[in-house]
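Pasted below: work.txt, compact mmCIF, C-alpha atoms.
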```txt
# COMPACT_ATOMS: atom_id res chain seq x y z
CA MET P 1 -106.25 9.62 -51.97
CA LYS P 2 -106.71 10.42 -48.31
CA ALA P 3 -104.48 13.17 -46.96
CA ILE P 4 -104.18 15.71 -44.17
CA ALA P 5 -104.23 19.38 -45.15
CA ILE P 6 -103.68 22.60 -43.21
CA ARG P 7 -106.98 24.48 -43.44
CA GLU P 8 -105.43 27.75 -42.25
CA PRO P 9 -102.56 28.73 -39.96
CA GLY P 10 -103.34 27.82 -36.38
CA GLY P 11 -103.35 25.13 -33.73
CA PRO P 12 -103.61 21.36 -34.22
CA GLU P 13 -107.34 21.67 -34.88
CA VAL P 14 -106.66 23.19 -38.33
CA LEU P 15 -105.34 19.84 -39.60
CA GLN P 16 -108.12 18.56 -41.84
CA PRO P 17 -108.64 15.16 -43.53
CA ILE P 18 -109.27 15.67 -47.24
CA GLU P 19 -109.51 13.79 -50.52
CA ALA P 20 -106.58 14.88 -52.66
CA GLU P 21 -105.29 14.01 -56.11
CA LYS P 22 -102.63 11.32 -56.09
CA PRO P 23 -99.29 12.87 -57.11
CA SER P 24 -97.38 11.76 -60.18
CA PRO P 25 -93.60 11.35 -60.01
CA GLU P 26 -91.26 13.44 -62.13
CA SER P 27 -88.51 11.65 -64.05
CA HIS P 28 -86.15 11.68 -61.01
CA GLU P 29 -88.81 10.74 -58.47
CA VAL P 30 -90.51 7.64 -57.13
CA LEU P 31 -94.11 7.35 -56.01
CA ILE P 32 -94.44 5.73 -52.58
CA GLU P 33 -97.56 4.09 -51.19
CA VAL P 34 -97.17 5.38 -47.67
CA ALA P 35 -97.41 2.92 -44.80
CA ALA P 36 -96.38 5.41 -42.12
CA ALA P 37 -95.18 9.00 -41.83
CA GLY P 38 -93.04 10.62 -39.16
CA VAL P 39 -94.19 13.70 -37.26
CA ASN P 40 -91.61 16.44 -36.76
CA ARG P 41 -91.50 19.88 -35.22
CA PRO P 42 -91.18 21.60 -38.64
CA ASP P 43 -94.63 20.12 -39.42
CA CYS P 44 -96.01 21.98 -36.40
CA LEU P 45 -94.28 25.20 -37.43
CA GLN P 46 -95.68 24.88 -40.96
CA ARG P 47 -99.17 24.30 -39.54
CA ALA P 48 -98.82 27.42 -37.39
CA GLY P 49 -97.76 29.52 -40.37
CA LEU P 50 -94.19 29.93 -39.12
CA TYR P 51 -92.37 27.74 -41.66
CA PRO P 52 -93.15 28.81 -45.25
CA VAL P 53 -93.42 26.04 -47.83
CA PRO P 54 -90.48 26.24 -50.27
CA ASP P 55 -91.19 26.79 -53.96
CA GLY P 56 -92.18 23.58 -55.68
CA ALA P 57 -92.92 21.69 -52.46
CA SER P 58 -96.21 20.03 -51.58
CA PRO P 59 -98.36 22.22 -49.29
CA LEU P 60 -99.36 19.08 -47.37
CA PRO P 61 -97.36 18.47 -44.18
CA GLY P 62 -95.04 15.51 -43.71
CA LEU P 63 -91.28 15.39 -44.31
CA GLU P 64 -90.55 11.67 -43.96
CA VAL P 65 -92.33 8.48 -44.96
CA ALA P 66 -91.83 4.76 -45.32
CA GLY P 67 -93.67 2.45 -47.68
CA HIS P 68 -93.56 0.58 -50.97
CA ILE P 69 -92.60 2.08 -54.32
CA VAL P 70 -95.49 1.80 -56.76
CA GLU P 71 -94.11 3.88 -59.65
CA VAL P 72 -90.67 5.08 -60.75
CA GLY P 73 -89.71 8.02 -62.94
CA ALA P 74 -87.98 7.57 -66.28
CA ARG P 75 -84.53 8.50 -64.95
CA CYS P 76 -84.70 6.38 -61.79
CA SER P 77 -82.33 3.43 -61.49
CA ARG P 78 -81.67 2.75 -57.81
CA PHE P 79 -85.06 1.34 -56.86
CA LYS P 80 -87.84 -0.59 -58.55
CA VAL P 81 -91.57 -1.06 -58.04
CA GLY P 82 -92.22 -3.09 -54.91
CA ASP P 83 -89.11 -2.00 -53.00
CA ARG P 84 -89.51 -0.97 -49.36
CA VAL P 85 -88.02 2.47 -48.79
CA MET P 86 -87.86 5.24 -46.25
CA ALA P 87 -87.59 8.71 -47.69
CA LEU P 88 -86.97 12.33 -46.88
CA THR P 89 -89.72 14.19 -48.71
CA HIS P 90 -90.23 17.80 -49.77
CA GLY P 91 -93.63 17.72 -48.07
CA GLY P 92 -96.77 15.70 -48.62
CA GLY P 93 -96.01 12.82 -46.25
CA TYR P 94 -99.36 12.95 -44.43
CA ALA P 95 -101.10 11.10 -47.25
CA GLU P 96 -101.70 7.67 -48.78
CA PHE P 97 -99.23 8.41 -51.59
CA CYS P 98 -96.19 10.67 -51.69
CA VAL P 99 -93.43 11.41 -54.20
CA ALA P 100 -89.76 11.64 -53.26
CA ASP P 101 -86.52 12.24 -55.10
CA GLU P 102 -85.05 8.78 -55.64
CA ARG P 103 -81.71 10.02 -54.30
CA HIS P 104 -83.36 10.88 -50.97
CA CYS P 105 -84.63 7.33 -50.42
CA LEU P 106 -82.95 4.63 -48.34
CA PRO P 107 -83.74 0.90 -48.39
CA VAL P 108 -85.52 -0.40 -45.30
CA PRO P 109 -83.60 -3.21 -43.58
CA LYS P 110 -85.42 -6.54 -43.69
CA SER P 111 -85.61 -6.70 -39.90
CA MET P 112 -87.26 -3.27 -39.59
CA THR P 113 -90.97 -2.52 -39.87
CA LEU P 114 -92.13 0.34 -42.07
CA GLU P 115 -93.60 2.00 -38.99
CA THR P 116 -90.14 2.12 -37.40
CA ALA P 117 -88.49 3.17 -40.66
CA ALA P 118 -90.83 6.18 -40.97
CA ALA P 119 -89.26 7.61 -37.82
CA PHE P 120 -85.75 7.69 -39.27
CA PRO P 121 -85.13 9.92 -42.33
CA GLU P 122 -85.78 13.50 -41.18
CA THR P 123 -83.91 13.17 -37.91
CA ALA P 124 -81.07 11.13 -39.41
CA PHE P 125 -80.56 13.59 -42.29
CA THR P 126 -80.47 16.44 -39.75
CA VAL P 127 -78.07 14.73 -37.36
CA TRP P 128 -75.70 13.42 -40.02
CA SER P 129 -75.47 16.67 -41.98
CA ASN P 130 -74.87 18.81 -38.91
CA LEU P 131 -72.57 16.67 -36.80
CA TRP P 132 -70.57 14.71 -39.34
CA MET P 133 -70.72 16.66 -42.59
CA ARG P 134 -70.56 20.18 -41.11
CA ALA P 135 -69.00 19.73 -37.66
CA GLY P 136 -66.68 16.90 -38.69
CA LEU P 137 -67.32 14.89 -35.53
CA THR P 138 -64.87 12.00 -35.12
CA SER P 139 -64.39 9.00 -32.88
CA GLY P 140 -62.96 9.90 -29.50
CA GLU P 141 -64.56 13.34 -29.34
CA ARG P 142 -67.25 14.56 -26.96
CA LEU P 143 -70.73 15.71 -27.98
CA LEU P 144 -73.41 17.62 -26.08
CA VAL P 145 -77.01 17.29 -27.31
CA HIS P 146 -79.68 19.61 -25.96
CA GLY P 147 -83.08 17.92 -25.98
CA GLY P 148 -81.65 14.42 -25.71
CA SER P 149 -85.02 12.69 -25.46
CA SER P 150 -86.40 14.23 -28.66
CA GLY P 151 -86.44 12.45 -31.99
CA ILE P 152 -83.30 14.36 -32.99
CA GLY P 153 -81.69 13.63 -29.64
CA THR P 154 -82.38 9.90 -29.59
CA THR P 155 -80.99 9.59 -33.12
CA ALA P 156 -77.89 11.63 -32.29
CA ILE P 157 -77.16 9.61 -29.15
CA GLN P 158 -77.31 6.28 -30.93
CA ILE P 159 -75.32 7.22 -34.03
CA ALA P 160 -72.66 9.03 -32.01
CA LYS P 161 -72.17 6.17 -29.57
CA ALA P 162 -72.02 3.63 -32.39
CA LEU P 163 -69.28 5.72 -34.05
CA GLY P 164 -67.15 6.10 -30.93
CA VAL P 165 -68.24 9.52 -29.66
CA ALA P 166 -68.90 10.22 -25.96
CA VAL P 167 -72.30 11.88 -25.43
CA ALA P 168 -73.80 14.21 -22.85
CA VAL P 169 -77.40 15.38 -23.05
CA THR P 170 -79.78 17.77 -21.38
CA ALA P 171 -83.44 16.92 -20.82
CA GLY P 172 -86.32 18.29 -18.77
CA THR P 173 -87.15 15.44 -16.36
CA ASP P 174 -85.34 12.72 -14.46
CA GLU P 175 -87.36 10.17 -16.44
CA LYS P 176 -86.13 11.61 -19.72
CA CYS P 177 -82.55 11.64 -18.44
CA ALA P 178 -82.78 7.96 -17.47
CA PHE P 179 -84.25 7.24 -20.90
CA CYS P 180 -81.24 8.89 -22.59
CA VAL P 181 -78.76 6.97 -20.44
CA ASN P 182 -80.53 3.75 -21.39
CA LEU P 183 -79.96 4.69 -25.05
CA GLY P 184 -76.24 5.11 -24.40
CA ALA P 185 -75.69 8.69 -23.18
CA ASP P 186 -72.67 8.96 -20.86
CA ILE P 187 -74.03 12.00 -19.03
CA ALA P 188 -77.66 13.13 -18.71
CA ILE P 189 -78.46 16.46 -17.04
CA ASN P 190 -81.92 17.57 -15.91
CA TYR P 191 -81.77 21.26 -16.79
CA ARG P 192 -84.65 21.99 -14.40
CA ASN P 193 -82.52 20.95 -11.41
CA GLY P 194 -79.98 23.74 -11.75
CA ASN P 195 -77.38 25.09 -14.13
CA TRP P 196 -76.68 22.48 -16.80
CA GLN P 197 -73.37 24.11 -17.65
CA ASP P 198 -72.07 23.65 -14.10
CA ALA P 199 -73.32 20.07 -14.04
CA LEU P 200 -71.51 19.30 -17.30
CA ALA P 201 -68.30 20.86 -16.03
CA THR P 202 -68.39 18.65 -12.94
CA THR P 203 -67.72 15.60 -15.13
CA TRP P 204 -66.11 17.17 -18.21
CA PRO P 205 -64.44 20.36 -16.92
CA GLU P 206 -62.57 20.90 -20.20
CA GLY P 207 -65.84 20.91 -22.16
CA VAL P 208 -67.01 19.22 -25.34
CA ASP P 209 -65.95 19.21 -28.98
CA ALA P 210 -69.39 19.74 -30.51
CA ILE P 211 -72.87 20.81 -29.46
CA LEU P 212 -76.15 20.10 -31.23
CA ASP P 213 -78.50 22.81 -30.04
CA MET P 214 -82.21 23.29 -30.66
CA VAL P 215 -82.68 25.91 -27.91
CA GLY P 216 -80.91 28.89 -29.44
CA GLY P 217 -80.55 32.31 -27.86
CA ARG P 218 -81.03 31.41 -24.21
CA TYR P 219 -78.20 28.87 -24.33
CA PHE P 220 -75.82 30.62 -26.71
CA ASP P 221 -73.29 32.05 -24.26
CA ALA P 222 -73.27 28.93 -22.07
CA ASN P 223 -72.73 26.83 -25.19
CA LEU P 224 -69.66 28.89 -26.08
CA ASP P 225 -68.32 28.41 -22.56
CA SER P 226 -68.88 24.65 -22.75
CA LEU P 227 -66.90 24.12 -25.95
CA ARG P 228 -63.27 23.13 -26.00
CA ARG P 229 -60.75 24.93 -28.20
CA ARG P 230 -61.76 24.48 -31.86
CA GLY P 231 -65.21 23.34 -30.76
CA ARG P 232 -68.22 23.47 -33.07
CA LEU P 233 -71.71 24.71 -32.24
CA SER P 234 -74.57 23.65 -34.52
CA ILE P 235 -77.85 25.51 -34.03
CA ILE P 236 -80.83 23.71 -35.60
CA ALA P 237 -83.81 25.36 -33.86
CA LEU P 238 -84.68 28.36 -31.71
CA LEU P 239 -87.04 26.98 -29.05
CA GLY P 240 -85.37 29.22 -26.46
CA GLY P 241 -85.46 32.38 -28.55
CA ALA P 242 -83.70 33.92 -31.54
CA ILE P 243 -81.85 36.62 -29.59
CA ALA P 244 -78.62 35.89 -27.71
CA GLU P 245 -78.29 38.65 -25.12
CA GLN P 246 -75.01 39.38 -23.32
CA ALA P 247 -73.09 36.76 -25.28
CA SER P 248 -69.35 37.38 -25.56
CA LEU P 249 -68.24 36.94 -29.15
CA ALA P 250 -64.64 37.19 -27.93
CA LYS P 251 -64.96 33.56 -26.84
CA ILE P 252 -65.36 32.53 -30.47
CA LEU P 253 -62.10 34.24 -31.36
CA ARG P 254 -60.15 33.18 -28.32
CA LYS P 255 -61.10 29.50 -28.54
CA HIS P 256 -61.15 29.29 -32.36
CA LEU P 257 -64.78 28.14 -32.31
CA THR P 258 -67.05 27.46 -35.27
CA VAL P 259 -70.72 28.46 -35.01
CA PHE P 260 -73.22 27.57 -37.73
CA GLY P 261 -76.92 27.03 -38.20
CA THR P 262 -78.94 24.99 -40.66
CA THR P 263 -82.44 24.02 -41.64
CA LEU P 264 -82.99 20.89 -43.70
CA ARG P 265 -85.99 21.44 -45.94
CA PRO P 266 -84.69 24.45 -47.95
CA GLN P 267 -81.44 22.69 -48.87
CA SER P 268 -80.98 21.74 -52.51
CA SER P 269 -81.77 18.31 -53.87
CA GLU P 270 -78.05 17.79 -54.48
CA GLN P 271 -77.20 18.62 -50.87
CA LYS P 272 -79.83 16.20 -49.59
CA ALA P 273 -78.55 13.53 -51.97
CA ALA P 274 -75.06 13.95 -50.51
CA ILE P 275 -76.47 13.50 -47.00
CA ALA P 276 -78.28 10.35 -48.12
CA ASP P 277 -75.03 8.99 -49.55
CA GLY P 278 -73.30 9.54 -46.22
CA LEU P 279 -76.09 7.80 -44.35
CA THR P 280 -76.00 4.89 -46.80
CA THR P 281 -72.29 4.38 -46.27
CA SER P 282 -71.94 5.02 -42.54
CA VAL P 283 -75.32 4.64 -40.82
CA LEU P 284 -77.39 2.16 -42.82
CA PRO P 285 -75.10 -0.71 -41.70
CA LEU P 286 -75.82 0.33 -38.10
CA LEU P 287 -79.55 0.08 -38.78
CA GLU P 288 -79.12 -3.33 -40.35
CA SER P 289 -77.13 -4.59 -37.36
CA GLY P 290 -79.55 -3.11 -34.83
CA GLU P 291 -76.93 -0.83 -33.24
CA VAL P 292 -79.12 2.13 -34.20
CA LYS P 293 -82.89 1.86 -34.06
CA PRO P 294 -85.46 4.65 -34.27
CA VAL P 295 -87.32 5.08 -30.99
CA ILE P 296 -91.10 5.45 -31.34
CA PHE P 297 -93.00 7.00 -28.46
CA GLU P 298 -96.46 6.66 -29.97
CA SER P 299 -98.14 5.70 -33.23
CA LEU P 300 -101.48 7.21 -34.20
CA PRO P 301 -103.67 6.79 -37.29
CA LEU P 302 -103.38 9.39 -40.04
CA GLU P 303 -106.78 10.82 -39.15
CA ALA P 304 -105.44 11.65 -35.67
CA ALA P 305 -102.76 14.03 -36.96
CA ASP P 306 -104.17 16.77 -34.74
CA GLN P 307 -103.61 14.58 -31.67
CA ALA P 308 -100.07 13.85 -32.85
CA HIS P 309 -99.31 17.58 -33.11
CA THR P 310 -100.82 18.22 -29.68
CA LEU P 311 -98.57 15.53 -28.25
CA MET P 312 -95.52 16.91 -30.07
CA GLU P 313 -96.11 20.40 -28.72
CA SER P 314 -96.71 19.14 -25.17
CA GLY P 315 -93.07 18.03 -24.96
CA LYS P 316 -94.08 14.83 -23.14
CA HIS P 317 -92.80 12.46 -25.80
CA MET P 318 -89.52 10.58 -25.66
CA GLY P 319 -88.51 9.62 -29.18
CA LYS P 320 -90.60 9.92 -32.33
CA ILE P 321 -94.32 10.21 -33.04
CA VAL P 322 -95.56 8.36 -36.12
CA LEU P 323 -98.77 8.40 -38.16
CA THR P 324 -99.79 5.03 -39.59
CA VAL P 325 -101.45 5.31 -43.00
CA ARG P 326 -101.63 1.60 -43.90
CA GLU P 327 -101.46 -0.18 -40.57
CA ASP P 328 -101.29 -3.63 -42.18
CA HIS P 329 -98.18 -2.54 -44.08
CA ALA P 330 -96.73 -0.38 -41.30
CA LYS P 331 -96.37 -3.31 -38.91
CA ALA P 332 -94.69 -5.51 -41.52
```

Would you encode the structure as structure tokens?
Amino acid sequence: MKAIAIREPGGPEVLQPIEAEKPSPESHEVLIEVAAAGVNRPDCLQRAGLYPVPDGASPLPGLEVAGHIVEVGARCSRFKVGDRVMALTHGGGYAEFCVADERHCLPVPKSMTLETAAAFPETAFTVWSNLWMRAGLTSGERLLVHGGSSGIGTTAIQIAKALGVAVAVTAGTDEKCAFCVNLGADIAINYRNGNWQDALATTWPEGVDAILDMVGGRYFDANLDSLRRRGRLSIIALLGGAIAEQASLAKILRKHLTVFGTTLRPQSSEQKAAIADGLTTSVLPLLESGEVKPVIFESLPLEAADQAHTLMESGKHMGKIVLTVREDHAKA
């Protein structure tokens, strides 16, 4: 099969088209003929040598796919050959075929193309596990999302609004802020135009109940200040550094705050299955109704994976970047 491999750690140019052996599913897995694969920042980190591949995972990049099931393992019972699915994978998504744990697959709504579906799993699993399973976000609360125009951000905005949560976001341009408001954000702050914390306090002086943060160290103290009593801070990336200097930990005690961090890929199969169950119950109906829809910024052919990574790292995208593997299937 055709696939994209990482020749050596480095820039986007190290992504190399290869001929690879088609994987065979284990008893709990399905084999998916990939129509499209989502591109995510962990793919870029893996390519750069900064995100080690977990034991037992495919060394090929790609953490989410959509396509048709062509083979099922002996213990599989949820899906059958021919079903359209979108799946969180343990790697290997940049290829014509990919295996996935059956429990990490979701059915693709009839109204949704496989290209659109490929942009959903990785971000949705991240958002749901952090904000609803860990932070316990509920209707009527307030959420702040840093990086609102990213794939994570666009997913968080839509799910939160559909479930009755007020949303504020930060983004790096006025265009991106307008884009987030169009998706449903109540407040959009261009962090390049001044102090985002002051801007947030102008509208919500009492702060927010939860923050989804991919910036890290540089925002840590301001995040603590922006949380209400019993607020929750979820750190999912460290784009602004891993060191939080001059942060007052007393704020955590005084305001009874919860601070936690997660990464998705190293979590156990059982943990990912639990996330999938939550998405099936609470979010899949929103996909089927059209209340939530993955936002695709650009689709590129599999062979252009290097261009996709260059675009991802430029920060110019608003929404997801997708690689089409079978364009005839991806558009259907």

Rows by chain and residue number, segment 34-61 of chain P within 12 Å of segment 22-26 of chain P, shortest pair, all atoms listed in the file, as JSON lines:
```
{"residue": "P:Val34", "atom": "CA", "partner": "P:Lys22", "partner_atom": "CA", "distance": 11.7}
{"residue": "P:Ala57", "atom": "CA", "partner": "P:Pro23", "partner_atom": "CA", "distance": 11.8}
{"residue": "P:Ser58", "atom": "CA", "partner": "P:Pro23", "partner_atom": "CA", "distance": 9.6}
{"residue": "P:Leu60", "atom": "CA", "partner": "P:Pro23", "partner_atom": "CA", "distance": 11.6}
```

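Excluding segment 147-160 of chain P itself and same-chain residues fewer than 5 positions from it, the residues having an atom within 6 Å of it are Thr123, Val127, Val165, Val169, Thr170, Ala171, Lys176, Val292, Met318, Gly319 and Lys320 of chain P, counting all atoms listed in the file.
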
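Straight-line separation from atom CA of Leu239 of chain P to atom CA of Val215 of chain P: 4.6 Å.
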
- Message: My list of candidates is P:Gly92, P:Pro61, P:Gly73, P:Gly67. Which is closest to Thr113 of chain P when distances are computed with all atoms listed in the file?
- Response: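 For Thr113 of chain P, the nearest of the given residues is P:Gly67.
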
- atom CA of Asp198 of chain P to atom CA of Met312 of chain P, distance in Å rounded to a single decimal: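 One can read the atom CA of Asp198 of chain P to atom CA of Met312 of chain P distance as 29.2 Å.
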
- Message: Give me the residues near Leu131 of chain P as a ChimeraX atom specification, where near means some atom within 8 Å (using only C-alpha atoms) and where sequence neighbours in that chain fewer than 5 positions away do not count.
- Response: /P:136-137,210,212,234

- Query: When distances are computed from all atoms listed in the file, which of P:Met1, P:Ile189, P:Val39, P:Ile236 shows the smallest separation from Ser299 of chain P?
  - Reply: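 Once distances to Ser299 of chain P are computed over all atoms listed in the file, the minimum belongs to P:Val39.
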
- Message: Could you check which residues have any atom within 9 Å of (-74.1, 29.1, -39.6), counting all atoms listed in the file with coordinates taken straight from the file, and then list them as a PyMOL selection string?
- Response: chain P and resi 233-235+258-262

- Message: as a PyMOL selection string, please: the residues near Pro59 of chain P (cut-off 8 Å, all atoms listed in the file, same-chain neighbours under 5 positions excluded).
- Response: chain P and resi 5+53+91-92

- Item | Two-atom distance - atom CA of His90 of chain P, atom CA of Leu106 of chain P (Å) | 15.1 Å

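Considering all atoms listed in the file, the residue among P:Ile6, P:Ala273, P:Cys180, P:Cys44 positioned nearest to Thr310 of chain P is P:Cys44.
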
- Task: Return the single residue from P:Ala35, P:Ile211, P:Leu45, P:Leu183 that is closest to Ile69 of chain P, with distances computed using all atoms listed in the file.
- Result: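 Going through P:Ala35, P:Ile211, P:Leu45, P:Leu183 one by one, the smallest distance to Ile69 of chain P is for P:Ala35.
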
- From the list P:Asp225, P:Glu13, P:Asp328, P:Glu122, which residue is nearest Asn40 of chain P when using all atoms listed in the file? P:Glu122

Box for segment 99-104 of chain P - axis-aligned, 8 Å on each of the six sides, all listed atoms - centre and size in Å to one decimal, as AutoDock Vina command-line options.
```
--center_x -87.6 --center_y 10.5 --center_z -53.3 --size_x 27.7 --size_y 19.5 --size_z 20.7
```

- Query: Within 8 Å of (-98.3, 5.6, -43.9), in the coordinates the file gives, what residues turn up when you count only C-alpha atoms, written out as a count of residues only?
  - Reply: 20

Give me the residues near Ser248 of chain P as a PDB file with C-alpha atoms, in the frame of the given file, where near means some atom within 10 Å (using only C-alpha atoms) and where sequence neighbours in that chain fewer than 3 positions away do not count.
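Contents of selection-v2.pdb, freshly written:
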```pdb
ATOM      1  CA  PHE P 220     -75.820  30.620 -26.710  1.00  0.00           C
ATOM      2  CA  ASP P 221     -73.290  32.050 -24.260  1.00  0.00           C
ATOM      3  CA  ALA P 222     -73.270  28.930 -22.070  1.00  0.00           C
ATOM      4  CA  LEU P 224     -69.660  28.890 -26.080  1.00  0.00           C
ATOM      5  CA  ASP P 225     -68.320  28.410 -22.560  1.00  0.00           C
ATOM      6  CA  ALA P 244     -78.620  35.890 -27.710  1.00  0.00           C
ATOM      7  CA  GLU P 245     -78.290  38.650 -25.120  1.00  0.00           C
ATOM      8  CA  LYS P 251     -64.960  33.560 -26.840  1.00  0.00           C
ATOM      9  CA  ILE P 252     -65.360  32.530 -30.470  1.00  0.00           C
ATOM     10  CA  LEU P 253     -62.100  34.240 -31.360  1.00  0.00           C
TER      11      LEU P 253
END
```

- Residue neighbourhood Val30 of chain P, 6 Å, only C-alpha atoms, exclusion window fewer than 4 positions, as a VMD selection string: chain P and resid 25 71 to 73 99 to 100 102

I need the chosen residues saved as an mmCIF file, in the frame of the given file, with C-alpha atoms.
```cif
data_model
loop_
_atom_site.group_PDB
_atom_site.id
_atom_site.type_symbol
_atom_site.label_atom_id
_atom_site.label_comp_id
_atom_site.auth_asym_id
_atom_site.auth_seq_id
_atom_site.Cartn_x
_atom_site.Cartn_y
_atom_site.Cartn_z
ATOM 1 C CA PRO P 25 -93.600 11.350 -60.010
ATOM 2 C CA GLU P 71 -94.110 3.880 -59.650
ATOM 3 C CA VAL P 72 -90.670 5.080 -60.750
ATOM 4 C CA GLY P 73 -89.710 8.020 -62.940
ATOM 5 C CA VAL P 99 -93.430 11.410 -54.200
ATOM 6 C CA ALA P 100 -89.760 11.640 -53.260
ATOM 7 C CA GLU P 102 -85.050 8.780 -55.640
#
```

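Nearest-residue note for Ala135 of chain P: choosing from P:Asp186, P:Asp174, P:Glu288, P:Asp209, the minimum distance belongs to P:Asp209, counting all atoms listed in the file.
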